[in-house]
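Asks: Here you go, this is my_file-v1.tsv (TSV, C-alpha atoms (C1' of nucleotides)).
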```
chain	number	residue	atom	x	y	z
A	6	MET	CA	141.67	154.47	67.01
A	7	THR	CA	138.93	152.30	65.60
A	8	THR	CA	141.03	150.20	63.18
A	9	ALA	CA	142.56	152.82	60.93
A	10	ALA	CA	144.69	150.22	59.28
A	11	PRO	CA	145.26	148.34	56.02
A	12	SER	CA	142.05	147.81	54.09
A	13	PRO	CA	140.84	150.65	51.91
A	14	ARG	CA	137.35	149.49	52.80
A	15	ALA	CA	136.93	150.83	56.30
A	16	LEU	CA	133.62	151.07	58.07
A	17	VAL	CA	132.76	153.76	60.58
A	18	HIS	CA	131.73	152.59	64.02
A	19	PRO	CA	130.86	154.70	67.04
A	20	ALA	CA	133.21	154.26	69.98
A	21	ARG	CA	131.71	152.71	73.06
A	22	GLU	CA	131.21	156.05	74.78
A	23	GLU	CA	129.49	157.46	71.75
A	24	ILE	CA	126.68	154.93	71.78
A	25	ARG	CA	123.41	156.62	72.71
A	26	LEU	CA	120.48	154.89	74.32
A	27	GLU	CA	117.94	156.59	72.06
A	28	GLY	CA	119.81	155.33	69.02
A	29	VAL	CA	119.90	151.81	70.37
A	30	LEU	CA	116.20	151.82	71.16
A	31	HIS	CA	115.36	153.29	67.80
A	32	ALA	CA	117.41	150.66	66.02
A	33	LEU	CA	115.72	147.89	67.97
A	34	ALA	CA	112.25	149.30	67.38
A	35	ASP	CA	112.20	147.98	63.82
A	36	PRO	CA	110.96	144.37	63.49
A	37	LEU	CA	113.51	143.40	60.85
A	38	ARG	CA	116.44	144.90	62.70
A	39	LEU	CA	115.31	143.28	65.92
A	40	LEU	CA	115.15	139.99	64.08
A	41	VAL	CA	118.74	140.41	62.91
A	42	VAL	CA	119.92	141.21	66.41
A	43	ARG	CA	118.07	138.23	67.78
A	44	GLU	CA	119.74	135.97	65.26
A	45	LEU	CA	123.17	137.40	65.96
A	46	ALA	CA	122.66	136.91	69.68
A	47	ARG	CA	121.38	133.38	69.24
A	48	GLU	CA	124.22	132.22	67.03
A	49	ASP	CA	126.78	134.34	68.82
A	50	ALA	CA	128.87	134.22	65.68
A	51	GLU	CA	129.94	136.21	62.68
A	52	LEU	CA	127.16	136.17	60.14
A	53	THR	CA	127.25	137.69	56.69
A	54	CYS	CA	124.53	140.05	55.58
A	55	SER	CA	123.37	137.59	52.98
A	56	HIS	CA	122.91	134.90	55.60
A	57	PHE	CA	119.73	136.61	56.66
A	58	GLU	CA	116.87	135.98	54.33
A	59	LEU	CA	114.94	139.13	54.82
A	60	PRO	CA	111.83	139.93	52.79
A	61	ILE	CA	113.42	143.07	51.39
A	62	THR	CA	115.84	143.98	48.63
A	63	LYS	CA	119.60	144.22	48.93
A	64	SER	CA	119.55	148.01	49.07
A	65	THR	CA	117.16	148.02	51.97
A	66	THR	CA	119.21	145.37	53.69
A	67	THR	CA	122.28	147.57	53.41
A	68	HIS	CA	120.29	150.40	54.91
A	69	HIS	CA	119.16	148.39	57.96
A	70	PHE	CA	122.63	147.05	58.65
A	71	ARG	CA	123.99	150.56	58.50
A	72	VAL	CA	121.44	151.73	61.03
A	73	LEU	CA	122.47	148.91	63.35
A	74	ARG	CA	126.15	149.70	62.90
A	75	GLU	CA	125.80	153.44	63.37
A	76	ALA	CA	123.70	152.93	66.47
A	77	GLY	CA	126.54	150.83	67.88
A	78	LEU	CA	124.68	147.55	67.99
A	79	ILE	CA	126.84	145.59	65.61
A	80	ARG	CA	130.37	145.61	64.32
A	81	GLN	CA	130.95	144.98	60.64
A	82	VAL	CA	134.09	144.01	58.79
A	83	TYR	CA	134.76	142.96	55.25
A	84	ARG	CA	135.88	139.41	54.65
A	85	GLY	CA	136.60	139.03	51.00
A	86	THR	CA	133.52	140.14	49.12
A	87	ALA	CA	131.32	139.43	52.08
A	88	LYS	CA	130.70	141.53	55.14
A	89	VAL	CA	130.42	139.84	58.48
A	90	ASN	CA	128.39	141.12	61.40
A	91	VAL	CA	128.84	140.63	65.12
A	92	LEU	CA	126.89	141.90	68.07
A	93	ARG	CA	128.77	144.41	70.22
A	94	ARG	CA	127.66	142.63	73.32
A	95	ALA	CA	130.54	143.66	75.54
A	96	ASP	CA	130.12	147.33	74.72
A	97	LEU	CA	126.40	147.25	75.17
A	98	ASP	CA	126.53	145.30	78.40
A	99	ALA	CA	129.11	147.70	79.77
A	100	LEU	CA	127.06	150.74	78.91
A	101	PHE	CA	123.57	149.45	79.60
A	102	PRO	CA	123.65	146.34	81.80
A	103	ASP	CA	120.80	143.91	81.20
A	104	LEU	CA	119.27	146.06	78.50
A	105	LEU	CA	120.10	143.82	75.58
A	106	ASP	CA	119.20	140.67	77.44
A	107	SER	CA	115.84	141.97	78.53
A	108	VAL	CA	115.00	143.16	75.04
A	109	LEU	CA	116.00	139.82	73.59
A	110	ALA	CA	113.99	137.99	76.23
A	111	ALA	CA	111.02	140.28	75.59
A	112	SER	CA	111.25	139.64	71.90
A	113	ALA	CA	111.45	135.89	72.33
A	114	ARG	CA	108.55	136.00	74.74
A	115	GLN	CA	106.40	137.99	72.39
A	116	ALA	CA	107.24	135.83	69.38
A	117	ASP	CA	106.29	132.86	71.49
A	118	ARG	CA	103.06	134.44	72.62
A	119	LEU	CA	102.07	135.39	69.11
A	120	GLY	CA	103.12	132.05	67.75
A	121	GLN	CA	105.71	133.33	65.33
A	122	ALA	CA	109.38	133.32	64.60
B	206	MET	CA	86.36	145.74	78.89
B	207	THR	CA	88.68	148.66	79.20
B	208	THR	CA	86.47	150.95	81.26
B	209	ALA	CA	83.48	151.46	78.99
B	210	ALA	CA	81.62	153.23	81.74
B	211	PRO	CA	80.30	156.59	82.90
B	212	SER	CA	82.41	159.49	81.70
B	213	PRO	CA	81.73	160.82	78.24
B	214	ARG	CA	85.45	161.52	78.11
B	215	ALA	CA	86.88	158.06	77.64
B	216	LEU	CA	90.41	157.36	76.51
B	217	VAL	CA	91.41	154.36	74.44
B	218	HIS	CA	94.04	152.09	75.92
B	219	PRO	CA	95.41	148.86	74.51
B	220	ALA	CA	94.71	145.80	76.61
B	221	ARG	CA	97.72	144.14	78.16
B	222	GLU	CA	97.91	141.47	75.47
B	223	GLU	CA	97.76	144.03	72.75
B	224	ILE	CA	100.92	145.81	73.81
B	225	ARG	CA	103.65	145.25	71.22
B	226	LEU	CA	107.35	145.34	71.95
B	227	GLU	CA	108.16	147.37	68.83
B	228	GLY	CA	105.65	149.98	69.89
B	229	VAL	CA	107.11	150.17	73.36
B	230	LEU	CA	110.65	150.52	72.06
B	231	HIS	CA	109.59	153.10	69.53
B	232	ALA	CA	107.82	155.13	72.19
B	233	LEU	CA	110.87	155.00	74.43
B	234	ALA	CA	113.24	155.95	71.62
B	235	ASP	CA	112.19	159.59	71.82
B	236	PRO	CA	114.15	161.65	74.36
B	237	LEU	CA	111.15	163.61	75.57
B	238	ARG	CA	108.96	160.58	75.97
B	239	LEU	CA	111.72	158.73	77.75
B	240	LEU	CA	112.05	161.69	80.08
B	241	VAL	CA	108.35	161.54	80.88
B	242	VAL	CA	108.51	157.83	81.58
B	243	ARG	CA	111.54	158.33	83.79
B	244	GLU	CA	109.73	160.95	85.79
B	245	LEU	CA	106.62	158.82	86.14
B	246	ALA	CA	108.72	155.91	87.33
B	247	ARG	CA	110.68	158.03	89.76
B	248	GLU	CA	107.66	159.63	91.38
B	249	ASP	CA	105.57	156.50	91.06
B	250	ALA	CA	102.52	158.74	91.21
B	251	GLU	CA	99.79	160.27	89.13
B	252	LEU	CA	101.18	163.28	87.35
B	253	THR	CA	99.25	165.68	85.16
B	254	CYS	CA	100.47	166.47	81.68
B	255	SER	CA	101.15	170.05	82.64
B	256	HIS	CA	103.37	168.95	85.49
B	257	PHE	CA	106.07	168.23	82.95
B	258	GLU	CA	107.77	171.33	81.69
B	259	LEU	CA	108.71	170.18	78.25
B	260	PRO	CA	110.33	172.50	75.71
B	261	ILE	CA	107.46	172.03	73.28
B	262	THR	CA	103.97	173.43	72.78
B	263	LYS	CA	100.78	172.04	74.26
B	264	SER	CA	99.75	170.44	70.98
B	265	THR	CA	102.98	168.55	70.70
B	266	THR	CA	102.72	167.51	74.33
B	267	THR	CA	99.31	166.04	73.65
B	268	HIS	CA	100.79	164.16	70.74
B	269	HIS	CA	103.61	162.60	72.78
B	270	PHE	CA	101.31	161.55	75.58
B	271	ARG	CA	99.03	159.91	73.07
B	272	VAL	CA	101.94	157.96	71.64
B	273	LEU	CA	102.83	156.75	75.12
B	274	ARG	CA	99.24	155.79	75.83
B	275	GLU	CA	98.66	154.00	72.55
B	276	ALA	CA	101.89	152.09	72.95
B	277	GLY	CA	100.61	150.87	76.30
B	278	LEU	CA	103.22	152.60	78.43
B	279	ILE	CA	100.93	154.84	80.42
B	280	ARG	CA	97.34	154.98	81.54
B	281	GLN	CA	95.54	158.28	81.36
B	282	VAL	CA	92.33	159.40	83.04
B	283	TYR	CA	90.62	162.72	83.31
B	284	ARG	CA	90.45	164.34	86.72
B	285	GLY	CA	88.48	167.52	86.39
B	286	THR	CA	90.03	169.57	83.65
B	287	ALA	CA	93.36	167.89	84.13
B	288	LYS	CA	94.51	164.53	82.85
B	289	VAL	CA	96.61	162.35	85.06
B	290	ASN	CA	99.18	159.86	83.88
B	291	VAL	CA	100.46	156.66	85.45
B	292	LEU	CA	102.97	154.12	84.29
B	293	ARG	CA	101.49	150.73	83.43
B	294	ARG	CA	104.22	149.03	85.36
B	295	ALA	CA	102.34	145.86	86.21
B	296	ASP	CA	101.32	145.25	82.63
B	297	LEU	CA	104.76	145.94	81.27
B	298	ASP	CA	106.52	143.83	83.87
B	299	ALA	CA	104.15	140.96	83.19
B	300	LEU	CA	104.72	141.10	79.47
B	301	PHE	CA	108.39	141.99	79.36
B	302	PRO	CA	110.10	141.25	82.66
B	303	ASP	CA	113.01	143.56	83.47
B	304	LEU	CA	112.63	145.51	80.25
B	305	LEU	CA	111.35	148.71	81.79
B	306	ASP	CA	113.79	148.57	84.66
B	307	SER	CA	116.78	148.06	82.44
B	308	VAL	CA	115.74	150.88	80.14
B	309	LEU	CA	115.24	153.19	83.09
B	310	ALA	CA	118.57	152.17	84.55
B	311	ALA	CA	120.25	152.66	81.18
B	312	SER	CA	118.70	156.09	80.87
B	313	ALA	CA	119.76	157.12	84.35
B	314	ARG	CA	123.23	155.80	83.70
B	315	GLN	CA	123.58	157.68	80.46
B	316	ALA	CA	122.23	160.92	81.92
B	317	ASP	CA	124.73	160.52	84.69
B	318	ARG	CA	127.55	159.81	82.30
B	319	LEU	CA	126.71	162.80	80.13
B	320	GLY	CA	126.17	165.01	83.15
B	321	GLN	CA	122.56	165.88	82.47
B	322	ALA	CA	119.08	165.43	83.78
C	121	DC	C1'	77.27	183.59	83.45
C	122	DC	C1'	82.08	184.67	82.58
C	123	DA	C1'	86.68	183.94	82.65
C	124	DC	C1'	90.40	181.01	83.21
C	125	DT	C1'	92.97	176.76	82.87
C	126	DC	C1'	93.82	172.32	80.83
C	127	DG	C1'	93.83	169.80	77.21
C	128	DT	C1'	91.96	168.41	72.13
C	129	DA	C1'	91.20	168.73	67.17
C	130	DC	C1'	92.58	169.93	62.86
C	131	DG	C1'	95.35	171.55	59.26
C	132	DA	C1'	99.95	172.78	57.69
C	133	DT	C1'	104.74	171.93	57.28
C	134	DA	C1'	108.98	169.98	57.29
C	135	DA	C1'	111.89	166.33	58.33
C	136	DG	C1'	112.86	161.50	58.68
C	137	DC	C1'	112.75	156.92	57.13
C	138	DA	C1'	111.69	152.36	54.75
C	139	DT	C1'	111.45	150.95	50.45
C	140	DC	C1'	112.73	150.21	45.70
C	141	DG	C1'	115.42	150.11	41.11
C	142	DT	C1'	119.35	150.76	38.63
C	143	DA	C1'	123.99	151.43	38.04
C	144	DC	C1'	128.28	150.73	40.14
C	145	DT	C1'	132.63	148.79	42.86
C	146	DA	C1'	135.35	145.09	45.14
C	147	DC	C1'	136.84	140.63	45.49
C	148	DG	C1'	137.64	135.80	44.19
C	149	DG	C1'	137.75	131.92	40.87
C	150	DG	C1'	137.93	129.65	36.48
D	103	DC	C1'	140.79	138.34	31.78
D	104	DC	C1'	136.07	137.68	32.32
D	105	DC	C1'	132.35	136.55	35.09
D	106	DG	C1'	129.74	135.84	39.18
D	107	DT	C1'	128.76	137.09	43.88
D	108	DA	C1'	128.34	140.50	47.77
D	109	DG	C1'	127.43	144.68	48.81
D	110	DT	C1'	127.26	150.14	47.91
D	111	DA	C1'	125.72	154.58	46.04
D	112	DC	C1'	122.33	157.42	44.54
D	113	DG	C1'	117.98	159.12	43.42
D	114	DA	C1'	112.92	158.63	43.73
D	115	DT	C1'	108.82	157.76	46.20
D	116	DG	C1'	105.52	157.54	49.57
D	117	DC	C1'	104.59	157.00	54.52
D	118	DT	C1'	105.17	158.29	59.14
D	119	DT	C1'	106.26	161.64	62.57
D	120	DA	C1'	107.53	165.91	65.15
D	121	DT	C1'	106.39	170.29	65.28
D	122	DC	C1'	103.52	174.38	65.32
D	123	DG	C1'	99.37	177.70	65.37
D	124	DT	C1'	94.80	178.56	65.90
D	125	DA	C1'	90.37	177.49	67.15
D	126	DC	C1'	87.67	174.82	70.16
D	127	DG	C1'	85.56	171.91	74.33
D	128	DA	C1'	85.26	170.60	79.23
D	129	DG	C1'	85.63	171.80	84.10
D	130	DT	C1'	86.20	175.00	88.08
D	131	DG	C1'	85.68	179.05	90.62
D	132	DG	C1'	84.27	183.71	91.11
```
Is it possible to give me this structure as structure tokens?
Replies:
Amino acid sequence: MTTAAPSPRALVHPAREEIRLEGVLHALADPLRLLVVRELAREDAELTCSHFELPITKSTTTHHFRVLREAGLIRQVYRGTAKVNVLRRADLDALFPDLLDSVLAASARQADRLGQA
Amino acid sequence: MTTAAPSPRALVHPAREEIRLEGVLHALADPLRLLVVRELAREDAELTCSHFELPITKSTTTHHFRVLREAGLIRQVYRGTAKVNVLRRADLDALFPDLLDSVLAASARQADRLGQA
DNA sequence: CCACTCGTACGATAAGCATCGTACTACGGG
DNA sequence: CCCGTAGTACGATGCTTATCGTACGAGTGG
């Protein structure tokens, strides 16, 4: 399974049952990655990597998105030259109910408290 | 503040407002530390470090408990030669409502699913 | 006072990870 | 066909972290 189909450019994603809590927490423990997840959750849309204006180079951006994908937090597909990202909300909610929401709420709360984005 | 009082053996704890979400998530992302937190939450009691039978040496145990303390997850005080640990549930719940509970639930769920402790 | 237990401190080591730069591939448009 | 844009691959680097061993300090009980 996992979309073995047409494009030569396939991306490896863990199946729902393969997603591990430690991996998810580790992925979310990085400020930049948490920011990306927050944005994806807020927009609830497909966003390209380049949409995010992160204070890091392209290589590092690739790295962080890979961590998120391999942890099972996001799903990535190629669309032309771009790569679009979506939150795997259904999978995460099924595995760990309320976890994502409470992390997002905590993050928003803290950003608010510290007066930042 | 923060118990500056009698014992020469004082332990540094972050104040409630100093607790950072990234630090909390990072602390919880380690399997052993998550196990400790789970146990503390389950017993809801003061447990000594040596109560936990972790598959690591004493030095490493000290290290992990320090990470938990400095992240603001637990409070530690000396009681005789032993050191007792308690979850900082009130502080965490005040800062990040539902976060701890959903992580604990997620952990229990995953342990259940994988057929482990 | 001595021995024992609990935990710390410190140094070493090895692994992991965030970061970068440069060179490269894939796709789409003039 | 050539160029620009989006992202990857790979290697290097330096920081953080998990781990250990050994030596030590602080209490408790004989």
Asks: Counting all atoms listed in the file, which residues of chain D fall within 9 Å of segment 76-92 of chain A, and what is the closest atom pair for each with its distance in Å at one decimal, ordered by chain and rising number, as CSV?
Replies:
```
residue,atom,partner,partner_atom,distance
D:DT107,C1',A:Thr86,CA,7.7
D:DA108,C1',A:Ala87,CA,5.3
D:DG109,C1',A:Ala87,CA,7.3
```
Asks: When you count all atoms listed in the file, which of these residues is closest to chain D: B:Val308, B:Leu230, B:Glu251, B:Lys263?
Replies: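 For chain D, the nearest of the candidates is B:Lys263.
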Asks: What are the closest atom pairs, with distances in Å to one decimal, for each residue of chain D lying within 7 Å of chain B, using only C-alpha atoms (C1' of nucleotides), rows by chain and rising residue number, as JSON lines?
Replies:
```
{"residue": "D:DT121", "atom": "C1'", "partner": "B:Thr265", "partner_atom": "CA", "distance": 6.6}
{"residue": "D:DA128", "atom": "C1'", "partner": "B:Thr286", "partner_atom": "CA", "distance": 6.6}
{"residue": "D:DG129", "atom": "C1'", "partner": "B:Thr286", "partner_atom": "CA", "distance": 5.0}
```
Asks: Produce a file of the selected residues containing C-alpha atoms (C1' of nucleotides), as a PDB file, in the coordinates of the input.
Replies:
```
ATOM      1  C1'  DT D 121     106.390 170.290  65.280  1.00  0.00           C
ATOM      2  C1'  DA D 128      85.260 170.600  79.230  1.00  0.00           C
ATOM      3  C1'  DG D 129      85.630 171.800  84.100  1.00  0.00           C
TER       4       DG D 129
END
```
Asks: Go ahead and align chain B to chain A (same sequence, so just pair every C-alpha in order, least squares) and export the moved chain as an mmCIF file with C-alpha atoms, keeping the file's coordinate frame.
Replies:
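And here is the file that came out, out-v5.cif:
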```cif
data_model
loop_
_atom_site.group_PDB
_atom_site.id
_atom_site.type_symbol
_atom_site.label_atom_id
_atom_site.label_comp_id
_atom_site.auth_asym_id
_atom_site.auth_seq_id
_atom_site.Cartn_x
_atom_site.Cartn_y
_atom_site.Cartn_z
ATOM 1 C CA MET B 206 141.443 154.634 67.183
ATOM 2 C CA THR B 207 138.731 152.553 65.662
ATOM 3 C CA THR B 208 140.841 150.477 63.293
ATOM 4 C CA ALA B 209 142.358 153.109 61.030
ATOM 5 C CA ALA B 210 144.596 150.536 59.439
ATOM 6 C CA PRO B 211 145.262 148.573 56.265
ATOM 7 C CA SER B 212 142.118 147.879 54.281
ATOM 8 C CA PRO B 213 140.913 150.571 51.936
ATOM 9 C CA ARG B 214 137.436 149.352 52.813
ATOM 10 C CA ALA B 215 136.985 150.721 56.301
ATOM 11 C CA LEU B 216 133.660 150.982 58.063
ATOM 12 C CA VAL B 217 132.796 153.690 60.554
ATOM 13 C CA HIS B 218 131.767 152.544 64.002
ATOM 14 C CA PRO B 219 130.918 154.661 67.018
ATOM 15 C CA ALA B 220 133.253 154.231 69.955
ATOM 16 C CA ARG B 221 131.750 152.676 73.043
ATOM 17 C CA GLU B 222 131.240 156.026 74.752
ATOM 18 C CA GLU B 223 129.529 157.436 71.742
ATOM 19 C CA ILE B 224 126.719 154.910 71.758
ATOM 20 C CA ARG B 225 123.450 156.619 72.689
ATOM 21 C CA LEU B 226 120.516 154.894 74.316
ATOM 22 C CA GLU B 227 117.959 156.591 72.058
ATOM 23 C CA GLY B 228 119.829 155.348 69.026
ATOM 24 C CA VAL B 229 119.931 151.826 70.364
ATOM 25 C CA LEU B 230 116.230 151.818 71.168
ATOM 26 C CA HIS B 231 115.381 153.313 67.818
ATOM 27 C CA ALA B 232 117.429 150.691 66.014
ATOM 28 C CA LEU B 233 115.740 147.918 67.961
ATOM 29 C CA ALA B 234 112.264 149.326 67.368
ATOM 30 C CA ASP B 235 112.224 148.014 63.808
ATOM 31 C CA PRO B 236 110.981 144.425 63.474
ATOM 32 C CA LEU B 237 113.521 143.447 60.848
ATOM 33 C CA ARG B 238 116.444 144.915 62.704
ATOM 34 C CA LEU B 239 115.305 143.304 65.916
ATOM 35 C CA LEU B 240 115.134 140.007 64.073
ATOM 36 C CA VAL B 241 118.712 140.418 62.898
ATOM 37 C CA VAL B 242 119.913 141.224 66.389
ATOM 38 C CA ARG B 243 118.050 138.234 67.770
ATOM 39 C CA GLU B 244 119.695 135.968 65.261
ATOM 40 C CA LEU B 245 123.139 137.385 65.941
ATOM 41 C CA ALA B 246 122.632 136.896 69.655
ATOM 42 C CA ARG B 247 121.327 133.379 69.240
ATOM 43 C CA GLU B 248 124.155 132.191 67.028
ATOM 44 C CA ASP B 249 126.724 134.298 68.824
ATOM 45 C CA ALA B 250 128.794 134.150 65.656
ATOM 46 C CA GLU B 251 129.874 136.140 62.657
ATOM 47 C CA LEU B 252 127.086 136.114 60.131
ATOM 48 C CA THR B 253 127.181 137.630 56.670
ATOM 49 C CA CYS B 254 124.473 140.014 55.570
ATOM 50 C CA SER B 255 123.261 137.570 52.970
ATOM 51 C CA HIS B 256 122.816 134.882 55.586
ATOM 52 C CA PHE B 257 119.639 136.619 56.657
ATOM 53 C CA GLU B 258 116.769 136.015 54.314
ATOM 54 C CA LEU B 259 114.871 139.208 54.806
ATOM 55 C CA PRO B 260 111.768 140.053 52.778
ATOM 56 C CA ILE B 261 113.393 143.177 51.379
ATOM 57 C CA THR B 262 115.817 144.054 48.595
ATOM 58 C CA LYS B 263 119.583 144.214 48.890
ATOM 59 C CA SER B 264 119.586 148.004 49.010
ATOM 60 C CA THR B 265 117.207 148.077 51.912
ATOM 61 C CA THR B 266 119.215 145.388 53.663
ATOM 62 C CA THR B 267 122.310 147.531 53.373
ATOM 63 C CA HIS B 268 120.368 150.395 54.863
ATOM 64 C CA HIS B 269 119.201 148.426 57.914
ATOM 65 C CA PHE B 270 122.641 147.046 58.621
ATOM 66 C CA ARG B 271 124.054 150.534 58.466
ATOM 67 C CA VAL B 272 121.499 151.726 60.988
ATOM 68 C CA LEU B 273 122.496 148.909 63.319
ATOM 69 C CA ARG B 274 126.172 149.687 62.874
ATOM 70 C CA GLU B 275 125.838 153.424 63.344
ATOM 71 C CA ALA B 276 123.744 152.910 66.441
ATOM 72 C CA GLY B 277 126.573 150.827 67.858
ATOM 73 C CA LEU B 278 124.692 147.542 67.971
ATOM 74 C CA ILE B 279 126.857 145.570 65.595
ATOM 75 C CA ARG B 280 130.389 145.556 64.295
ATOM 76 C CA GLN B 281 130.939 144.923 60.627
ATOM 77 C CA VAL B 282 134.093 143.925 58.772
ATOM 78 C CA TYR B 283 134.744 142.866 55.240
ATOM 79 C CA ARG B 284 135.829 139.295 54.645
ATOM 80 C CA GLY B 285 136.500 138.889 50.973
ATOM 81 C CA THR B 286 133.451 140.035 49.100
ATOM 82 C CA ALA B 287 131.238 139.332 52.057
ATOM 83 C CA LYS B 288 130.670 141.449 55.131
ATOM 84 C CA VAL B 289 130.373 139.781 58.474
ATOM 85 C CA ASN B 290 128.368 141.064 61.395
ATOM 86 C CA VAL B 291 128.810 140.590 65.126
ATOM 87 C CA LEU B 292 126.879 141.892 68.071
ATOM 88 C CA ARG B 293 128.771 144.401 70.203
ATOM 89 C CA ARG B 294 127.678 142.609 73.312
ATOM 90 C CA ALA B 295 130.555 143.650 75.535
ATOM 91 C CA ASP B 296 130.146 147.309 74.715
ATOM 92 C CA LEU B 297 126.410 147.248 75.165
ATOM 93 C CA ASP B 298 126.548 145.308 78.410
ATOM 94 C CA ALA B 299 129.139 147.707 79.770
ATOM 95 C CA LEU B 300 127.080 150.741 78.909
ATOM 96 C CA PHE B 301 123.601 149.444 79.606
ATOM 97 C CA PRO B 302 123.681 146.366 81.815
ATOM 98 C CA ASP B 303 120.835 143.920 81.199
ATOM 99 C CA LEU B 304 119.291 146.073 78.498
ATOM 100 C CA LEU B 305 120.124 143.829 75.579
ATOM 101 C CA ASP B 306 119.225 140.683 77.450
ATOM 102 C CA SER B 307 115.868 141.975 78.540
ATOM 103 C CA VAL B 308 115.027 143.169 75.049
ATOM 104 C CA LEU B 309 116.014 139.822 73.595
ATOM 105 C CA ALA B 310 114.014 138.002 76.232
ATOM 106 C CA ALA B 311 111.038 140.277 75.612
ATOM 107 C CA SER B 312 111.281 139.636 71.898
ATOM 108 C CA ALA B 313 111.496 135.887 72.340
ATOM 109 C CA ARG B 314 108.596 135.990 74.746
ATOM 110 C CA GLN B 315 106.432 137.981 72.399
ATOM 111 C CA ALA B 316 107.281 135.811 69.396
ATOM 112 C CA ASP B 317 106.362 132.837 71.493
ATOM 113 C CA ARG B 318 103.140 134.405 72.644
ATOM 114 C CA LEU B 319 102.130 135.361 69.119
ATOM 115 C CA GLY B 320 103.209 132.004 67.755
ATOM 116 C CA GLN B 321 105.813 133.281 65.339
ATOM 117 C CA ALA B 322 109.495 133.302 64.649
#
```
Asks: DC112 of chain D: which residues within 10 Å, counting only C-alpha atoms (C1' of nucleotides), same-chain residues fewer than 3 positions away excluded, as a list in words?
Replies: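 Final neighbour list, sorted by chain and number: DT142, DA143 and DC144 of chain C.
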Asks: With distances taken over only C-alpha atoms, which of A:Ala15, A:Val29, A:Cys54, A:Val42 is nearest to chain B?
Replies: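 Under the stated criterion, the closest residue is A:Val29.
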Asks: Hey, what's within 12 Å of DG106 of chain D if we count only C-alpha atoms (C1' of nucleotides) and toss same-chain stuff fewer than 6 positions away? As a PyMOL selection string, please?
Replies: (chain A and resi 86) or (chain C and resi 147-150)
Asks: Name the residues in contact with DT133 of chain C at a cut-off of 12 Å, using all atoms listed in the file, excluding same-chain residues fewer than 3 positions from it; report them as a ChimeraX atom specification.
Replies: /D:119-123
Asks: Return as a ChimeraX atom specification the residues belonging to chain A that are within 12 Å of chain B, counting all atoms listed in the file.
Replies: /A:22-40,97-119
Asks: Give me a file of those residues, with C-alpha atoms, as a PDB file, in the frame of the given file.
Replies:
```pdb
ATOM      1  CA  GLU A  22     131.210 156.050  74.780  1.00  0.00           C
ATOM      2  CA  GLU A  23     129.490 157.460  71.750  1.00  0.00           C
ATOM      3  CA  ILE A  24     126.680 154.930  71.780  1.00  0.00           C
ATOM      4  CA  ARG A  25     123.410 156.620  72.710  1.00  0.00           C
ATOM      5  CA  LEU A  26     120.480 154.890  74.320  1.00  0.00           C
ATOM      6  CA  GLU A  27     117.940 156.590  72.060  1.00  0.00           C
ATOM      7  CA  GLY A  28     119.810 155.330  69.020  1.00  0.00           C
ATOM      8  CA  VAL A  29     119.900 151.810  70.370  1.00  0.00           C
ATOM      9  CA  LEU A  30     116.200 151.820  71.160  1.00  0.00           C
ATOM     10  CA  HIS A  31     115.360 153.290  67.800  1.00  0.00           C
ATOM     11  CA  ALA A  32     117.410 150.660  66.020  1.00  0.00           C
ATOM     12  CA  LEU A  33     115.720 147.890  67.970  1.00  0.00           C
ATOM     13  CA  ALA A  34     112.250 149.300  67.380  1.00  0.00           C
ATOM     14  CA  ASP A  35     112.200 147.980  63.820  1.00  0.00           C
ATOM     15  CA  PRO A  36     110.960 144.370  63.490  1.00  0.00           C
ATOM     16  CA  LEU A  37     113.510 143.400  60.850  1.00  0.00           C
ATOM     17  CA  ARG A  38     116.440 144.900  62.700  1.00  0.00           C
ATOM     18  CA  LEU A  39     115.310 143.280  65.920  1.00  0.00           C
ATOM     19  CA  LEU A  40     115.150 139.990  64.080  1.00  0.00           C
ATOM     20  CA  LEU A  97     126.400 147.250  75.170  1.00  0.00           C
ATOM     21  CA  ASP A  98     126.530 145.300  78.400  1.00  0.00           C
ATOM     22  CA  ALA A  99     129.110 147.700  79.770  1.00  0.00           C
ATOM     23  CA  LEU A 100     127.060 150.740  78.910  1.00  0.00           C
ATOM     24  CA  PHE A 101     123.570 149.450  79.600  1.00  0.00           C
ATOM     25  CA  PRO A 102     123.650 146.340  81.800  1.00  0.00           C
ATOM     26  CA  ASP A 103     120.800 143.910  81.200  1.00  0.00           C
ATOM     27  CA  LEU A 104     119.270 146.060  78.500  1.00  0.00           C
ATOM     28  CA  LEU A 105     120.100 143.820  75.580  1.00  0.00           C
ATOM     29  CA  ASP A 106     119.200 140.670  77.440  1.00  0.00           C
ATOM     30  CA  SER A 107     115.840 141.970  78.530  1.00  0.00           C
ATOM     31  CA  VAL A 108     115.000 143.160  75.040  1.00  0.00           C
ATOM     32  CA  LEU A 109     116.000 139.820  73.590  1.00  0.00           C
ATOM     33  CA  ALA A 110     113.990 137.990  76.230  1.00  0.00           C
ATOM     34  CA  ALA A 111     111.020 140.280  75.590  1.00  0.00           C
ATOM     35  CA  SER A 112     111.250 139.640  71.900  1.00  0.00           C
ATOM     36  CA  ALA A 113     111.450 135.890  72.330  1.00  0.00           C
ATOM     37  CA  ARG A 114     108.550 136.000  74.740  1.00  0.00           C
ATOM     38  CA  GLN A 115     106.400 137.990  72.390  1.00  0.00           C
ATOM     39  CA  ALA A 116     107.240 135.830  69.380  1.00  0.00           C
ATOM     40  CA  ASP A 117     106.290 132.860  71.490  1.00  0.00           C
ATOM     41  CA  ARG A 118     103.060 134.440  72.620  1.00  0.00           C
ATOM     42  CA  LEU A 119     102.070 135.390  69.110  1.00  0.00           C
TER      43      LEU A 119
END
```
Asks: Mind listing as an NGL selection string which residues of chain C are within 9 Å of chain B, counting all atoms listed in the file?
Replies: :C and (125-128)
Asks: Could you tell me how far atom CA of Leu216 of chain B lies from atom C1' of DG136 of chain C, in Å and to one decimal?
Replies: 29.0 Å
